[in-house]
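Take a look at the structure set out below.
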Amino acid sequence: MKDTIKLLRFPFSIFLLPVSLFSFFYIHPAFGYQLLLVIGIWHLLVFPSSNGYNSYNDRDEGPIGGLASPPKPTKLLLHVSNIMDGSAIILSFLVNVYFAVFVAGYIIASRLYSNRSIRLKKMPVIGFLVVFVFQGAWIFCANIFALSSFHLFENPSVLFSAIASSFFIATIYPLTQIYQHESDSKDGVKTLSMLLGINGTFLFSALMFTIANLFVYISFLKSETINNFLLFNIVMLPSTVYFLFWALRSFRNVAQVNFKNTMVMLVMSSLLNNIFFVILLLK
């Protein structure tokens with residue numbers, strides 16, 4: 001059971017929290033059971049279950065996101081993931097049927113991504129697009145249908161922000177694969193990072209962040225809160241500087257492309273993203 005809990009990687013769910021916080025900026029949700037359900041369903045059930053199901057299928061022997069030495073998965077991990085996914089869908093109906101559809105859609109996409117028979121993750125472009133859509137704009141839109149209404153999309157800033165959420169995911173996703181080329185190759189998986197190469201991965205992530213930044217700028221410009229764009233870049237400056245220095249070191253020495261540096265990048269960018277959106281909500 002202890003190993004199963006480790007492989008669910010609950011702390012890793014915090015890395016997807018910025019997407020929900022961004023959506024809450026437009027929703028202005030009232031504090032109540034529906035808000036708690038939405039957060040709990042995503043971060044205590046769906047995301048950990050997805051981590052567990054992926055670990056069960058991958059059977060990683062090397063470091064994975066959040067775990068330097070992952071234990072061997074057992075059938076218990078699969079059963080727990082199934083129970084968590086089933087519970088998430090049932091509980092999502094307590095919010096509304098639209099949210100239940102979004103939750104079920106995410107779970108299906110996640111399983112198609114990881115399942116050994118289908119294995120969308122072994123296809124670099126398709127696997128990337130699944131993560132791009134479902135971990136970004138899909139969650140953003142799901143929260144709106146859960147806690148507001150589709151009329152919120154009449155605001156162009158909401159649409160631009162949803163798109164920005166996906167590009168934020170696109171920024172970090174290939175970086176999580178950059179140190180796993182050898183292990184992924186042994187597993188018959190060709191990731192986007194392998195397709196791009198190490199230098200190409202850094203350049204691609206920089207491009208994705210630039211596009212995300214552009215959509216954030218447009219969304220805040222449309223909502224006449226352009227100072228928020230400046231605040232965003234100030235808060236994110238440490239992670240931007242770290243990324244640039246890490247990339248330059250990696251161009252000179254491939255040994256810099258490792259689990260430790262990747263996790264520092266991931267934790268720093270996620271933490272600063274969360275801080276920014278919390279500031280935004282408090283304002």
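Chain labels A, B, ... are given in the sequence in which chains occur in the structure tokens; within each chain residues are numbered consecutively from 1, and ligands are likewise numbered from 1 in the order shown.
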
Write out as a list in words which residues come within 8 Å of stretch 7-13 of chain A when counting only C-alpha atoms, dropping same-chain ones fewer than 4 positions away.
->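 Counting only the stated atoms, we get Asp3, Leu17, His43, Leu44, Phe47, Pro48, Ser49, Ser50, Asn51, Gly52, Ser55, Gly65, Gly66, Leu67, Pro70, Pro71, Pro73 and Leu77 of chain A.
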
Export of the given selection (C-alpha atoms) as a compact mmCIF listing (two decimals), in the first residue's frame:
```
# COMPACT_ATOMS: atom_id res chain seq x y z
CA ASP A 3 4.39 1.87 -2.62
CA LEU A 17 -3.16 23.64 -10.09
CA HIS A 43 -6.29 16.91 -7.47
CA LEU A 44 -7.11 14.09 -5.06
CA PHE A 47 -4.65 13.41 -11.44
CA PRO A 48 -3.20 10.95 -8.89
CA SER A 49 -5.14 8.11 -10.50
CA SER A 50 -3.74 9.10 -13.90
CA ASN A 51 -0.22 9.05 -12.41
CA GLY A 52 -0.86 5.61 -10.95
CA SER A 55 3.11 4.01 -13.66
CA GLY A 65 8.23 13.07 -12.23
CA GLY A 66 8.29 13.52 -8.48
CA LEU A 67 10.06 10.21 -7.71
CA PRO A 70 9.93 4.68 -8.11
CA PRO A 71 8.87 1.35 -6.54
CA PRO A 73 3.83 -1.25 -9.35
CA LEU A 77 -2.13 0.13 -7.99
```

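Taking atom CA of A:Asn199 as the reference point, atom CA of A:Arg119 is found at 25.9 Å.
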
Please provide the set of residues having any atom within 12 Å of A:Pro238, restricted to only C-alpha atoms, with same-chain residues fewer than 2 positions apart removed, written as number ranges by chain.
-> A: 232-236, 240-245, 264-265, 267-273

For those residues, write C-alpha atoms to a file as a PDB file, in the first residue's frame.
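The new file again31.pdb reads:
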```pdb
ATOM      1  CA  PHE A 232       3.014  37.683 -14.285  1.00  0.00           C
ATOM      2  CA  ASN A 233       6.393  38.167 -15.932  1.00  0.00           C
ATOM      3  CA  ILE A 234       7.900  39.651 -12.781  1.00  0.00           C
ATOM      4  CA  VAL A 235       6.738  36.689 -10.681  1.00  0.00           C
ATOM      5  CA  MET A 236       7.884  34.174 -13.310  1.00  0.00           C
ATOM      6  CA  THR A 240      12.632  32.116 -16.851  1.00  0.00           C
ATOM      7  CA  VAL A 241      16.221  32.938 -15.848  1.00  0.00           C
ATOM      8  CA  TYR A 242      16.772  29.379 -14.549  1.00  0.00           C
ATOM      9  CA  PHE A 243      15.445  27.927 -17.813  1.00  0.00           C
ATOM     10  CA  LEU A 244      17.811  30.061 -19.902  1.00  0.00           C
ATOM     11  CA  PHE A 245      20.867  29.204 -17.797  1.00  0.00           C
ATOM     12  CA  VAL A 264      13.987  22.103 -10.127  1.00  0.00           C
ATOM     13  CA  MET A 265      12.566  23.621 -13.323  1.00  0.00           C
ATOM     14  CA  VAL A 267       8.815  22.791  -9.184  1.00  0.00           C
ATOM     15  CA  MET A 268       9.997  26.375  -9.597  1.00  0.00           C
ATOM     16  CA  SER A 269       7.742  27.180 -12.567  1.00  0.00           C
ATOM     17  CA  SER A 270       4.718  25.531 -10.951  1.00  0.00           C
ATOM     18  CA  LEU A 271       5.266  27.214  -7.591  1.00  0.00           C
ATOM     19  CA  LEU A 272       5.667  30.659  -9.159  1.00  0.00           C
ATOM     20  CA  ASN A 273       2.627  30.096 -11.386  1.00  0.00           C
TER      21      ASN A 273
END
```

Please run DSSP on the backbone and report, as a count of residues only, all residues within stretch 24-268 of chain A that come out as alpha helix (DSSP H).
-> 169

Any idea what's packed within 9 Å of A:Tyr179, counting only C-alpha atoms, ignoring anything in its chain fewer than 3 positions away? Could you give it as a ChimeraX atom specification?
-> /A:175-176,182-183,198,257-259,262

Tell me which protein, DNA and RNA residues are within 12 Å of A:Gly32, counting only C-alpha atoms, leaving out same-chain ones fewer than 4 positions away, and put them as a ChimeraX atom specification.
-> /A:36-39,95,147

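By only C-alpha atoms, and with residues fewer than 3 positions from A:Phe128 along its chain excluded, the set lying at most 8 Å from it is Lys121, Pro124, Val125, Val131, Phe132, Ala170, Tyr173 and Leu192 of chain A.
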
Prev. selection, N, CA and C atoms, output as a PDB file, in the first residue's frame:
```
ATOM      1  N   LYS A 121       1.011   7.628 -26.009  1.00  0.00           N
ATOM      2  CA  LYS A 121       2.233   8.317 -25.600  1.00  0.00           C
ATOM      3  C   LYS A 121       3.437   7.917 -26.440  1.00  0.00           C
ATOM      4  N   PRO A 124       4.825  10.627 -30.807  1.00  0.00           N
ATOM      5  CA  PRO A 124       5.285  11.909 -30.276  1.00  0.00           C
ATOM      6  C   PRO A 124       4.328  13.080 -30.461  1.00  0.00           C
ATOM      7  N   VAL A 125       3.739  13.216 -31.640  1.00  0.00           N
ATOM      8  CA  VAL A 125       2.866  14.365 -31.907  1.00  0.00           C
ATOM      9  C   VAL A 125       1.491  14.157 -31.296  1.00  0.00           C
ATOM     10  N   VAL A 131      -1.949  15.630 -24.288  1.00  0.00           N
ATOM     11  CA  VAL A 131      -1.586  16.347 -23.061  1.00  0.00           C
ATOM     12  C   VAL A 131      -1.872  17.837 -23.210  1.00  0.00           C
ATOM     13  N   PHE A 132      -1.540  18.390 -24.355  1.00  0.00           N
ATOM     14  CA  PHE A 132      -1.750  19.814 -24.648  1.00  0.00           C
ATOM     15  C   PHE A 132      -3.206  20.218 -24.428  1.00  0.00           C
ATOM     16  N   ALA A 170       2.255  22.916 -22.715  1.00  0.00           N
ATOM     17  CA  ALA A 170       3.160  22.591 -23.822  1.00  0.00           C
ATOM     18  C   ALA A 170       4.582  23.030 -23.526  1.00  0.00           C
ATOM     19  N   TYR A 173       5.800  20.193 -20.738  1.00  0.00           N
ATOM     20  CA  TYR A 173       5.643  18.769 -21.068  1.00  0.00           C
ATOM     21  C   TYR A 173       6.895  18.147 -21.689  1.00  0.00           C
ATOM     22  N   LEU A 192       8.023  13.362 -27.782  1.00  0.00           N
ATOM     23  CA  LEU A 192       8.263  14.594 -28.538  1.00  0.00           C
ATOM     24  C   LEU A 192       9.689  15.094 -28.310  1.00  0.00           C
TER      25      LEU A 192
END
```

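Atom CA of A:Asp187 lies 24.9 Å from atom CA of A:Val46.
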
Looking at only C-alpha atoms, which of A:Ser87, A:Gln177, A:Thr171, A:Asn143 is the one that sits closest to A:Ser205?
->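 Looking only at the distances to A:Ser205, the closest residue turns out to be A:Thr171.
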
Near A:Lys186, within 12 Å and counting only C-alpha atoms, which residues show up once chain neighbours fewer than 2 positions away are dropped, as a PyMOL selection string?
-> chain A and resi 58-62+122+180-184+188-191
